[in-house]
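Coordinates from query.cif are shown below (mmCIF, C-alpha atoms and all ligand atoms).
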```
data_entry
loop_
_atom_site.group_PDB
_atom_site.id
_atom_site.type_symbol
_atom_site.label_atom_id
_atom_site.label_comp_id
_atom_site.auth_asym_id
_atom_site.auth_seq_id
_atom_site.Cartn_x
_atom_site.Cartn_y
_atom_site.Cartn_z
ATOM 1 C CA MET B 1 33.952 40.893 230.642
ATOM 2 C CA GLN B 2 37.052 40.394 232.813
ATOM 3 C CA GLN B 3 38.657 43.340 231.069
ATOM 4 C CA LEU B 4 35.607 45.487 231.802
ATOM 5 C CA ILE B 5 35.692 44.547 235.496
ATOM 6 C CA ASP B 6 39.413 45.389 235.661
ATOM 7 C CA GLU B 7 38.825 48.750 233.994
ATOM 8 C CA ILE B 8 35.901 49.646 236.236
ATOM 9 C CA LEU B 9 37.896 48.879 239.353
ATOM 10 C CA LYS B 10 40.872 50.854 238.107
ATOM 11 C CA ASP B 11 38.708 53.810 237.213
ATOM 12 C CA CYS B 12 36.809 53.811 240.516
ATOM 13 C CA ARG B 13 39.821 53.454 242.786
ATOM 14 C CA ARG B 14 40.041 57.267 243.003
ATOM 15 C CA PHE B 15 36.634 57.391 244.706
ATOM 16 C CA THR B 16 37.897 55.379 247.685
ATOM 17 C CA GLU B 17 39.348 58.637 249.005
ATOM 18 C CA ASP B 18 35.948 60.370 249.055
ATOM 19 C CA GLY B 19 34.329 58.132 251.646
ATOM 20 C CA LYS B 20 34.736 57.851 255.401
ATOM 21 C CA VAL B 21 34.959 54.522 257.233
ATOM 22 C CA ALA B 22 32.220 53.829 259.810
ATOM 23 C CA ASP B 23 33.463 54.641 263.296
ATOM 24 C CA TYR B 24 30.339 54.384 265.460
ATOM 25 C CA ILE B 25 31.350 50.753 265.923
ATOM 26 C CA PRO B 26 34.963 51.406 267.070
ATOM 27 C CA GLU B 27 36.393 48.243 265.524
ATOM 28 C CA LEU B 28 35.112 49.243 262.063
ATOM 29 C CA ALA B 29 37.195 52.427 262.219
ATOM 30 C CA LYS B 30 40.273 50.250 261.694
ATOM 31 C CA ALA B 31 39.233 49.449 258.107
ATOM 32 C CA ASN B 32 41.570 50.552 255.331
ATOM 33 C CA LYS B 33 39.575 52.845 253.096
ATOM 34 C CA SER B 34 41.844 52.403 250.088
ATOM 35 C CA GLU B 35 40.651 48.808 249.695
ATOM 36 C CA ILE B 36 38.315 48.061 246.809
ATOM 37 C CA GLY B 37 37.071 44.794 245.330
ATOM 38 C CA ILE B 38 34.425 43.390 243.004
ATOM 39 C CA CYS B 39 33.198 39.939 242.015
ATOM 40 C CA VAL B 40 30.548 39.147 239.403
ATOM 41 C CA THR B 41 29.167 35.663 238.931
ATOM 42 C CA THR B 42 26.762 34.170 236.436
ATOM 43 C CA GLY B 43 27.012 30.733 238.007
ATOM 44 C CA GLU B 44 28.939 29.398 235.044
ATOM 45 C CA LYS B 45 31.564 32.106 235.029
ATOM 46 C CA ARG B 46 33.097 34.303 237.643
ATOM 47 C CA TYR B 47 34.990 37.567 237.181
ATOM 48 C CA PHE B 48 36.820 39.487 239.875
ATOM 49 C CA ALA B 49 39.254 42.289 240.548
ATOM 50 C CA GLY B 50 41.044 44.086 243.388
ATOM 51 C CA ASP B 51 40.382 43.036 246.990
ATOM 52 C CA TRP B 52 37.630 40.627 245.967
ATOM 53 C CA ASN B 53 38.920 37.955 248.333
ATOM 54 C CA LYS B 54 39.390 40.151 251.400
ATOM 55 C CA PRO B 55 36.928 39.358 254.226
ATOM 56 C CA PHE B 56 34.923 42.178 255.823
ATOM 57 C CA THR B 57 31.876 42.155 258.091
ATOM 58 C CA ILE B 58 28.563 42.028 256.277
ATOM 59 C CA GLN B 59 26.758 44.394 258.706
ATOM 60 C CA SER B 60 23.365 45.393 257.286
ATOM 61 C CA ILE B 61 23.575 42.793 254.532
ATOM 62 C CA ALA B 62 22.539 40.446 257.365
ATOM 63 C CA LYS B 63 19.116 42.121 257.175
ATOM 64 C CA THR B 64 18.627 40.319 253.856
ATOM 65 C CA ILE B 65 19.416 37.006 255.521
ATOM 66 C CA PHE B 66 17.012 37.619 258.440
ATOM 67 C CA LEU B 67 14.268 38.466 255.972
ATOM 68 C CA MET B 68 14.906 35.469 253.698
ATOM 69 C CA LEU B 69 14.502 33.010 256.559
ATOM 70 C CA ALA B 70 11.715 34.907 258.303
ATOM 71 C CA VAL B 71 9.637 35.045 255.131
ATOM 72 C CA GLU B 72 10.228 31.333 254.478
ATOM 73 C CA ASP B 73 9.122 30.619 258.059
ATOM 74 C CA ASN B 74 6.128 32.954 258.276
ATOM 75 C CA GLY B 75 5.022 33.894 254.759
ATOM 76 C CA ILE B 76 4.855 37.247 252.989
ATOM 77 C CA ASP B 77 1.486 38.325 254.418
ATOM 78 C CA PHE B 78 2.673 37.875 257.976
ATOM 79 C CA ILE B 79 5.839 39.911 257.353
ATOM 80 C CA LYS B 80 3.808 42.677 255.733
ATOM 81 C CA ALA B 81 1.382 42.778 258.636
ATOM 82 C CA HIS B 82 4.151 42.677 261.238
ATOM 83 C CA VAL B 83 6.767 45.139 259.967
ATOM 84 C CA GLY B 84 5.491 46.389 256.589
ATOM 85 C CA VAL B 85 7.549 46.960 253.455
ATOM 86 C CA GLU B 86 7.252 50.687 252.789
ATOM 87 C CA ALA B 87 10.535 52.602 252.609
ATOM 88 C CA THR B 88 10.840 54.843 255.652
ATOM 89 C CA GLY B 89 13.099 57.468 254.064
ATOM 90 C CA LYS B 90 14.861 57.598 257.431
ATOM 91 C CA PRO B 91 18.512 56.729 258.188
ATOM 92 C CA PHE B 92 19.138 53.057 258.998
ATOM 93 C CA ASN B 93 19.592 53.698 262.709
ATOM 94 C CA ALA B 94 16.767 56.239 263.172
ATOM 95 C CA ILE B 95 15.301 56.102 266.637
ATOM 96 C CA ASP B 96 12.064 58.075 266.245
ATOM 97 C CA TYR B 97 9.742 55.105 265.988
ATOM 98 C CA ALA B 98 7.627 55.576 269.091
ATOM 99 C CA GLU B 99 4.606 56.731 267.106
ATOM 100 C CA PRO B 100 4.710 54.155 264.262
ATOM 101 C CA LEU B 101 5.045 51.422 266.868
ATOM 102 C CA LEU B 102 2.179 52.774 268.907
ATOM 103 C CA LEU B 103 -0.004 52.974 265.820
ATOM 104 C CA ARG B 104 1.294 49.632 264.518
ATOM 105 C CA GLU B 105 2.477 51.278 261.310
ATOM 106 C CA ASN B 106 5.197 50.233 258.877
ATOM 107 C CA ILE B 107 8.781 49.971 260.205
ATOM 108 C CA ASN B 108 10.468 48.220 257.191
ATOM 109 C CA PRO B 109 12.815 45.184 257.391
ATOM 110 C CA MET B 110 15.851 47.046 255.957
ATOM 111 C CA VAL B 111 16.271 49.561 258.774
ATOM 112 C CA ASN B 112 17.627 48.507 262.152
ATOM 113 C CA ILE B 113 14.366 48.510 264.100
ATOM 114 C CA GLY B 114 12.558 46.427 261.480
ATOM 115 C CA ALA B 115 15.513 44.056 261.046
ATOM 116 C CA ILE B 116 15.697 43.402 264.793
ATOM 117 C CA ALA B 117 11.977 42.594 264.741
ATOM 118 C CA VAL B 118 12.410 40.343 261.683
ATOM 119 C CA CYS B 119 15.371 38.561 263.313
ATOM 120 C CA SER B 120 13.028 37.562 266.141
ATOM 121 C CA LEU B 121 10.695 35.911 263.583
ATOM 122 C CA VAL B 122 13.295 33.369 262.468
ATOM 123 C CA LYS B 123 11.999 30.178 264.036
ATOM 124 C CA ALA B 124 14.155 28.405 266.614
ATOM 125 C CA GLU B 125 13.888 26.910 270.114
ATOM 126 C CA ASN B 126 16.266 29.452 271.592
ATOM 127 C CA TYR B 127 18.585 32.279 270.583
ATOM 128 C CA GLN B 128 21.649 30.127 270.199
ATOM 129 C CA GLN B 129 19.799 27.851 267.835
ATOM 130 C CA ARG B 130 18.484 30.847 265.923
ATOM 131 C CA PHE B 131 22.015 32.118 265.419
ATOM 132 C CA LEU B 132 23.258 28.703 264.291
ATOM 133 C CA ARG B 133 20.367 28.374 261.877
ATOM 134 C CA LEU B 134 21.104 31.813 260.414
ATOM 135 C CA LEU B 135 24.835 31.102 260.141
ATOM 136 C CA ASP B 136 24.240 27.710 258.524
ATOM 137 C CA PHE B 137 21.861 29.288 256.043
ATOM 138 C CA THR B 138 24.440 31.988 255.242
ATOM 139 C CA LYS B 139 27.094 29.316 254.642
ATOM 140 C CA ARG B 140 24.707 27.546 252.314
ATOM 141 C CA ILE B 141 23.745 30.576 250.226
ATOM 142 C CA THR B 142 27.317 31.855 249.963
ATOM 143 C CA GLY B 143 28.637 28.352 249.238
ATOM 144 C CA ASN B 144 31.286 29.028 251.868
ATOM 145 C CA PRO B 145 31.319 26.504 254.751
ATOM 146 C CA ASP B 146 34.127 28.417 256.506
ATOM 147 C CA LEU B 147 32.236 31.641 257.226
ATOM 148 C CA LYS B 148 32.704 32.902 260.761
ATOM 149 C CA VAL B 149 32.025 35.807 263.046
ATOM 150 C CA ASP B 150 34.664 38.511 263.477
ATOM 151 C CA GLU B 151 34.743 38.373 267.278
ATOM 152 C CA ASN B 152 36.374 41.795 267.632
ATOM 153 C CA VAL B 153 33.656 43.522 265.639
ATOM 154 C CA TYR B 154 30.976 41.557 267.464
ATOM 155 C CA TYR B 155 32.235 42.575 270.922
ATOM 156 C CA SER B 156 32.840 46.127 269.765
ATOM 157 C CA GLU B 157 29.234 46.450 268.597
ATOM 158 C CA LYS B 158 27.838 44.668 271.637
ATOM 159 C CA LYS B 159 29.694 47.101 273.868
ATOM 160 C CA THR B 160 28.637 50.251 272.043
ATOM 161 C CA GLY B 161 25.297 49.261 270.469
ATOM 162 C CA ASP B 162 23.047 51.188 272.837
ATOM 163 C CA LYS B 163 21.029 52.764 270.057
ATOM 164 C CA ASN B 164 20.100 49.308 268.801
ATOM 165 C CA ARG B 165 19.385 48.340 272.401
ATOM 166 C CA ALA B 166 16.990 51.302 272.660
ATOM 167 C CA LEU B 167 15.263 50.256 269.416
ATOM 168 C CA ALA B 168 14.893 46.684 270.669
ATOM 169 C CA TYR B 169 13.370 47.877 273.952
ATOM 170 C CA LEU B 170 10.908 50.009 271.994
ATOM 171 C CA LEU B 171 9.918 46.848 270.107
ATOM 172 C CA LYS B 172 9.594 44.920 273.339
ATOM 173 C CA ASN B 173 7.504 47.656 274.894
ATOM 174 C CA SER B 174 5.061 47.499 271.998
ATOM 175 C CA GLY B 175 4.803 43.706 272.120
ATOM 176 C CA MET B 176 6.573 43.234 268.765
ATOM 177 C CA ILE B 177 9.253 40.942 270.182
ATOM 178 C CA GLU B 178 9.319 38.434 272.994
ATOM 179 C CA GLY B 179 12.012 37.130 275.305
ATOM 180 C CA ARG B 180 15.229 38.717 276.483
ATOM 181 C CA VAL B 181 16.254 41.743 274.443
ATOM 182 C CA GLU B 182 19.941 41.096 275.086
ATOM 183 C CA ASP B 183 19.693 37.558 273.652
ATOM 184 C CA LEU B 184 18.020 38.798 270.497
ATOM 185 C CA LEU B 185 20.611 41.546 270.081
ATOM 186 C CA ASP B 186 23.376 38.972 270.444
ATOM 187 C CA VAL B 187 22.004 37.192 267.387
ATOM 188 C CA TYR B 188 21.650 40.490 265.521
ATOM 189 C CA PHE B 189 25.167 41.729 266.407
ATOM 190 C CA ALA B 190 26.798 38.359 265.686
ATOM 191 C CA MET B 191 25.124 38.100 262.274
ATOM 192 C CA CYS B 192 26.169 41.678 261.396
ATOM 193 C CA SER B 193 29.725 40.615 262.314
ATOM 194 C CA VAL B 194 29.892 37.612 259.980
ATOM 195 C CA GLN B 195 32.911 38.003 257.719
ATOM 196 C CA ALA B 196 32.446 37.506 253.996
ATOM 197 C CA THR B 197 34.218 38.362 250.747
ATOM 198 C CA CYS B 198 32.932 39.869 247.490
ATOM 199 C CA ALA B 199 32.788 36.314 246.121
ATOM 200 C CA ASP B 200 30.517 35.231 249.006
ATOM 201 C CA LEU B 201 28.214 38.209 248.424
ATOM 202 C CA ALA B 202 28.126 37.530 244.675
ATOM 203 C CA ASN B 203 27.014 33.942 245.324
ATOM 204 C CA MET B 204 24.328 35.084 247.752
ATOM 205 C CA ALA B 205 23.132 37.636 245.196
ATOM 206 C CA LEU B 206 23.088 34.984 242.472
ATOM 207 C CA LEU B 207 20.564 33.002 244.489
ATOM 208 C CA LEU B 208 18.197 35.980 244.359
ATOM 209 C CA ALA B 209 19.004 36.555 240.667
ATOM 210 C CA ASN B 210 18.170 32.909 240.048
ATOM 211 C CA HIS B 211 14.732 33.129 241.705
ATOM 212 C CA GLY B 212 15.813 31.310 244.871
ATOM 213 C CA MET B 213 17.407 28.317 243.188
ATOM 214 C CA ASP B 214 21.009 27.275 243.819
ATOM 215 C CA ILE B 215 22.494 27.016 240.329
ATOM 216 C CA ALA B 216 25.186 24.549 241.436
ATOM 217 C CA THR B 217 22.802 21.955 242.911
ATOM 218 C CA GLY B 218 19.482 22.821 241.279
ATOM 219 C CA GLN B 219 17.997 22.996 244.762
ATOM 220 C CA GLN B 220 15.255 25.565 245.472
ATOM 221 C CA ILE B 221 16.655 27.242 248.618
ATOM 222 C CA ILE B 222 13.899 29.822 248.998
ATOM 223 C CA SER B 223 10.661 29.831 247.044
ATOM 224 C CA GLU B 224 10.472 31.742 243.786
ATOM 225 C CA LYS B 225 7.699 33.882 245.228
ATOM 226 C CA ASN B 226 9.835 34.806 248.227
ATOM 227 C CA ALA B 227 12.870 35.569 246.053
ATOM 228 C CA THR B 228 10.735 38.005 244.033
ATOM 229 C CA PHE B 229 9.493 39.543 247.284
ATOM 230 C CA MET B 230 13.100 39.944 248.490
ATOM 231 C CA ASN B 231 14.180 41.722 245.317
ATOM 232 C CA ALA B 232 11.198 44.071 245.509
ATOM 233 C CA VAL B 233 12.112 44.991 249.096
ATOM 234 C CA LEU B 234 15.776 45.463 248.118
ATOM 235 C CA ILE B 235 15.040 47.741 245.178
ATOM 236 C CA THR B 236 12.820 49.983 247.298
ATOM 237 C CA SER B 237 14.833 50.080 250.536
ATOM 238 C CA GLY B 238 18.085 48.079 250.327
ATOM 239 C CA MET B 239 20.375 51.106 250.052
ATOM 240 C CA TYR B 240 19.134 52.888 253.182
ATOM 241 C CA ASP B 241 17.686 56.340 252.515
ATOM 242 C CA GLY B 242 19.694 56.406 249.276
ATOM 243 C CA SER B 243 17.538 53.726 247.645
ATOM 244 C CA GLY B 244 15.613 56.089 245.340
ATOM 245 C CA GLU B 245 18.775 57.672 243.963
ATOM 246 C CA PHE B 246 20.379 54.221 243.559
ATOM 247 C CA ALA B 247 17.323 52.958 241.657
ATOM 248 C CA THR B 248 17.713 55.826 239.181
ATOM 249 C CA THR B 249 21.468 55.423 238.628
ATOM 250 C CA VAL B 250 22.003 51.643 238.995
ATOM 251 C CA GLY B 251 18.511 50.132 238.897
ATOM 252 C CA LEU B 252 19.291 46.814 240.577
ATOM 253 C CA PRO B 253 18.042 45.148 243.776
ATOM 254 C CA ALA B 254 20.896 45.614 246.251
ATOM 255 C CA LYS B 255 21.769 45.717 249.935
ATOM 256 C CA SER B 256 24.618 47.651 251.478
ATOM 257 C CA GLY B 257 26.314 47.409 254.867
ATOM 258 C CA VAL B 258 28.439 49.860 256.853
ATOM 259 C CA GLY B 259 31.388 47.449 256.556
ATOM 260 C CA GLY B 260 31.602 48.673 252.938
ATOM 261 C CA GLY B 261 29.933 45.689 251.271
ATOM 262 C CA ILE B 262 27.180 45.812 248.650
ATOM 263 C CA MET B 263 25.350 42.766 247.355
ATOM 264 C CA ALA B 264 23.472 43.385 244.093
ATOM 265 C CA ASN B 265 21.800 41.202 241.506
ATOM 266 C CA ARG B 266 20.454 41.417 237.994
ATOM 267 C CA PRO B 267 17.420 39.106 238.083
ATOM 268 C CA GLY B 268 17.860 36.265 235.632
ATOM 269 C CA HIS B 269 21.510 37.093 234.955
ATOM 270 C CA MET B 270 24.107 37.685 237.646
ATOM 271 C CA GLY B 271 25.126 38.186 241.237
ATOM 272 C CA ILE B 272 27.516 40.982 242.191
ATOM 273 C CA GLY B 273 29.610 41.433 245.346
ATOM 274 C CA ILE B 274 31.313 44.738 246.082
ATOM 275 C CA TYR B 275 33.648 45.955 248.810
ATOM 276 C CA SER B 276 35.128 49.332 249.622
ATOM 277 C CA PRO B 277 34.834 50.630 253.189
ATOM 278 C CA GLY B 278 34.768 54.392 252.554
ATOM 279 C CA LEU B 279 31.110 55.388 253.056
ATOM 280 C CA ASP B 280 28.939 58.337 252.117
ATOM 281 C CA LYS B 281 26.767 60.146 254.690
ATOM 282 C CA LYS B 282 23.985 57.594 254.298
ATOM 283 C CA GLY B 283 26.249 54.618 255.032
ATOM 284 C CA ASN B 284 26.746 53.356 251.463
ATOM 285 C CA SER B 285 30.162 52.574 249.953
ATOM 286 C CA VAL B 286 31.150 55.527 247.741
ATOM 287 C CA ALA B 287 33.490 53.660 245.381
ATOM 288 C CA GLY B 288 31.142 50.663 245.531
ATOM 289 C CA ILE B 289 28.214 52.661 244.172
ATOM 290 C CA LYS B 290 30.442 54.158 241.468
ATOM 291 C CA MET B 291 31.495 50.664 240.350
ATOM 292 C CA LEU B 292 27.879 49.539 240.210
ATOM 293 C CA GLU B 293 26.887 52.654 238.263
ATOM 294 C CA MET B 294 29.557 51.984 235.651
ATOM 295 C CA LEU B 295 28.808 48.277 235.436
ATOM 296 C CA SER B 296 25.098 48.962 235.079
ATOM 297 C CA GLN B 297 25.647 51.575 232.356
ATOM 298 C CA LYS B 298 28.163 49.541 230.361
ATOM 299 C CA LEU B 299 26.120 46.337 230.433
ATOM 300 C CA ARG B 300 22.689 48.018 230.444
ATOM 301 C CA LEU B 301 21.785 46.201 233.622
ATOM 302 C CA SER B 302 19.072 48.463 235.055
ATOM 303 C CA ILE B 303 15.825 46.559 235.406
ATOM 304 C CA PHE B 304 13.870 49.683 234.420
HETATM 305 N N1 LIG Q 1 25.470 46.377 262.836
HETATM 306 C C1 LIG Q 1 25.113 47.644 262.276
HETATM 307 C C2 LIG Q 1 24.164 48.380 263.170
HETATM 308 O O1 LIG Q 1 23.215 47.837 263.591
HETATM 309 C C3 LIG Q 1 24.534 47.438 260.931
HETATM 310 C C4 LIG Q 1 24.237 48.724 260.285
HETATM 311 C C5 LIG Q 1 24.479 48.782 258.845
HETATM 312 O O2 LIG Q 1 25.309 48.100 258.251
HETATM 313 O O3 LIG Q 1 23.764 49.592 258.270
HETATM 314 O O4 LIG Q 1 24.327 49.526 263.469
#
```
When written as structure tokens, how does the structure in this file appear?
Amino acid sequence: MQQLIDEILKDCRRFTEDGKVADYIPELAKANKSEIGICVTTGEKRYFAGDWNKPFTIQSIAKTIFLMLAVEDNGIDFIKAHVGVEATGKPFNAIDYAEPLLLRENINPMVNIGAIAVCSLVKAENYQQRFLRLLDFTKRITGNPDLKVDENVYYSEKKTGDKNRALAYLLKNSGMIEGRVEDLLDVYFAMCSVQATCADLANMALLLANHGMDIATGQQIISEKNATFMNAVLITSGMYDGSGEFATTVGLPAKSGVGGGIMANRPGHMGIGIYSPGLDKKGNSVAGIKMLEMLSQKLRLSIF
């Protein structure tokens, strides 16, 4: 297995040149697009190659964390009624939501507008507490107590995140969120700016692969029902508007982020963490998807 991981990384390194690093958050433009890493864990064994231990910001992978806690707090039916689960087919930062909001139609938890709404459903007394709860939970599911926010990315996004601000005000206008928009966005931006490695993502993915149970402690972190719900949402909309294509070529529940990370899992078997910051037009890591395609083909991982 280790040999396979080494070969896949070596073979996919050439694809790092094909992507483009995200630059709409200025700090992300500083990423080195030749970096590439992978970590696969079964709980008992861990395999890794390349820049697997290099921290990067999780960005949209935070949407998975918002949803995990929000669904534990509110239940699946509430989430479905509030934001829906249908794939939108729109880019992650699409802004044309005035009509769906007016009609109270689906906005999906894996695009920015839905994720901001879902973030507001994580129960807490105030925004600071909500952030601490989310960060603590992330430390727990990654098994990494040292996780922290990349302050430069956080401030960079806070300064330039007006599109997300517009989306949050649309939500506020339609009564979907309460309180100060700026406070909610602080939680959203800070969670997107949490730094993690491929190993952290692989651990987080393993929790979903293992039906919500932490293999190390035997503790049920999220309910089995909610873990199944999460994987269903990820397979249908975790890879932005590239989720359909990804389902046909890789066939695994996964979530990508514009920092170049991808967290994927094979239910019942393994968690996978990927990093390579060169992105395609949809915001997915080019070399990252190639690695997952190869891994899935070689090990026959597709769930279909
Ligand atoms: N913080 C990013 C944003 O809201 C996350 C986007 C992403 O990774 O897709 O624009």
The PyMOL selection byres (((chain B and resi 17) around 8) and not hetatm) applied to the shown file, residues as a list of chain:residue names: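 This file, filtered by the PyMOL selection byres (((chain B and resi 17) around 8) and not hetatm), leaves B:Arg14, B:Phe15, B:Thr16, B:Asp18, B:Gly19, B:Lys20, B:Lys33, B:Ser34, B:Gly278.
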Test item: residues lying within 7 Å of ligand LIG 1 (chain Q) with all atoms listed in the file, as a ChimeraX atom specification: /B:59-61,92-93,112,157,164,189,192,256-259,283
Contact residues around segment 79-90 of chain B with all atoms listed in the file at 9 Å, ignoring same-chain residues under 2 positions, as a ChimeraX atom specification: /B:67,70-71,74-77,92-94,104-111,114-115,117-118,121,176,233,236-237,240-243
Residues matched by the PyMOL selection byres (((chain B and resi 254) around 9) and not hetatm) as a VMD selection string: chain B and resid 205 231 234 to 235 237 to 239 243 251 to 253 255 to 256 262 to 265
Between atom CA of Glu35 of chain B and atom CA of Gly50 of chain B, distance in Å (one decimal): 7.9 Å
Picked residues, the PyMOL selection byres (((chain B and resi 28-30) around 10) and not hetatm), as number ranges by chain: B: 20-27, 31-33, 56-57, 152-153, 156-157, 258-260, 277
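Atom CA of Asp280 of chain B is found 23.0 Å from atom CA of Asn53 of chain B.
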Could segment 259-273 of chain B be completed with N, CA, C and O atoms and returned as a PDB file, keeping the file's coordinate frame?
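Result written to rebuild-v1.pdb:
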```pdb
ATOM      1  N   GLY B 259      30.041  48.010 256.690  1.00  0.00           N
ATOM      2  CA  GLY B 259      31.388  47.449 256.556  1.00  0.00           C
ATOM      3  C   GLY B 259      31.964  47.769 255.177  1.00  0.00           C
ATOM      4  O   GLY B 259      33.131  47.479 254.909  1.00  0.00           O
ATOM      5  N   GLY B 260      31.137  48.313 254.284  1.00  0.00           N
ATOM      6  CA  GLY B 260      31.602  48.673 252.938  1.00  0.00           C
ATOM      7  C   GLY B 260      31.167  47.699 251.863  1.00  0.00           C
ATOM      8  O   GLY B 260      31.520  47.860 250.701  1.00  0.00           O
ATOM      9  N   GLY B 261      30.389  46.683 252.250  1.00  0.00           N
ATOM     10  CA  GLY B 261      29.933  45.689 251.271  1.00  0.00           C
ATOM     11  C   GLY B 261      28.647  46.129 250.582  1.00  0.00           C
ATOM     12  O   GLY B 261      27.844  46.878 251.159  1.00  0.00           O
ATOM     13  N   ILE B 262      28.473  45.690 249.340  1.00  0.00           N
ATOM     14  CA  ILE B 262      27.180  45.812 248.650  1.00  0.00           C
ATOM     15  C   ILE B 262      26.943  44.499 247.902  1.00  0.00           C
ATOM     16  O   ILE B 262      27.845  43.982 247.242  1.00  0.00           O
ATOM     17  N   MET B 263      25.733  43.971 248.075  1.00  0.00           N
ATOM     18  CA  MET B 263      25.350  42.766 247.355  1.00  0.00           C
ATOM     19  C   MET B 263      24.253  43.192 246.379  1.00  0.00           C
ATOM     20  O   MET B 263      23.259  43.780 246.793  1.00  0.00           O
ATOM     21  N   ALA B 264      24.469  42.946 245.089  1.00  0.00           N
ATOM     22  CA  ALA B 264      23.472  43.385 244.093  1.00  0.00           C
ATOM     23  C   ALA B 264      23.217  42.244 243.120  1.00  0.00           C
ATOM     24  O   ALA B 264      24.071  41.374 242.939  1.00  0.00           O
ATOM     25  N   ASN B 265      22.044  42.233 242.514  1.00  0.00           N
ATOM     26  CA  ASN B 265      21.800  41.202 241.506  1.00  0.00           C
ATOM     27  C   ASN B 265      21.003  41.740 240.337  1.00  0.00           C
ATOM     28  O   ASN B 265      20.219  42.680 240.476  1.00  0.00           O
ATOM     29  N   ARG B 266      21.259  41.141 239.171  1.00  0.00           N
ATOM     30  CA  ARG B 266      20.454  41.417 237.994  1.00  0.00           C
ATOM     31  C   ARG B 266      19.581  40.185 237.804  1.00  0.00           C
ATOM     32  O   ARG B 266      20.098  39.118 237.423  1.00  0.00           O
ATOM     33  N   PRO B 267      18.269  40.295 238.159  1.00  0.00           N
ATOM     34  CA  PRO B 267      17.420  39.106 238.083  1.00  0.00           C
ATOM     35  C   PRO B 267      17.565  38.388 236.734  1.00  0.00           C
ATOM     36  O   PRO B 267      17.571  39.012 235.685  1.00  0.00           O
ATOM     37  N   GLY B 268      17.727  37.075 236.836  1.00  0.00           N
ATOM     38  CA  GLY B 268      17.860  36.265 235.632  1.00  0.00           C
ATOM     39  C   GLY B 268      19.264  36.213 235.057  1.00  0.00           C
ATOM     40  O   GLY B 268      19.522  35.448 234.131  1.00  0.00           O
ATOM     41  N   HIS B 269      20.180  37.019 235.577  1.00  0.00           N
ATOM     42  CA  HIS B 269      21.510  37.093 234.955  1.00  0.00           C
ATOM     43  C   HIS B 269      22.704  36.885 235.882  1.00  0.00           C
ATOM     44  O   HIS B 269      23.505  35.990 235.664  1.00  0.00           O
ATOM     45  N   MET B 270      22.846  37.734 236.903  1.00  0.00           N
ATOM     46  CA  MET B 270      24.107  37.685 237.646  1.00  0.00           C
ATOM     47  C   MET B 270      23.997  38.167 239.089  1.00  0.00           C
ATOM     48  O   MET B 270      23.092  38.912 239.448  1.00  0.00           O
ATOM     49  N   GLY B 271      24.967  37.705 239.868  1.00  0.00           N
ATOM     50  CA  GLY B 271      25.126  38.186 241.237  1.00  0.00           C
ATOM     51  C   GLY B 271      26.405  39.011 241.310  1.00  0.00           C
ATOM     52  O   GLY B 271      27.388  38.687 240.642  1.00  0.00           O
ATOM     53  N   ILE B 272      26.361  40.077 242.111  1.00  0.00           N
ATOM     54  CA  ILE B 272      27.516  40.982 242.191  1.00  0.00           C
ATOM     55  C   ILE B 272      27.855  41.219 243.660  1.00  0.00           C
ATOM     56  O   ILE B 272      26.969  41.489 244.476  1.00  0.00           O
ATOM     57  N   GLY B 273      29.139  41.115 243.993  1.00  0.00           N
ATOM     58  CA  GLY B 273      29.610  41.433 245.346  1.00  0.00           C
ATOM     59  C   GLY B 273      30.630  42.547 245.259  1.00  0.00           C
ATOM     60  O   GLY B 273      31.509  42.534 244.394  1.00  0.00           O
TER      61      GLY B 273
END
```
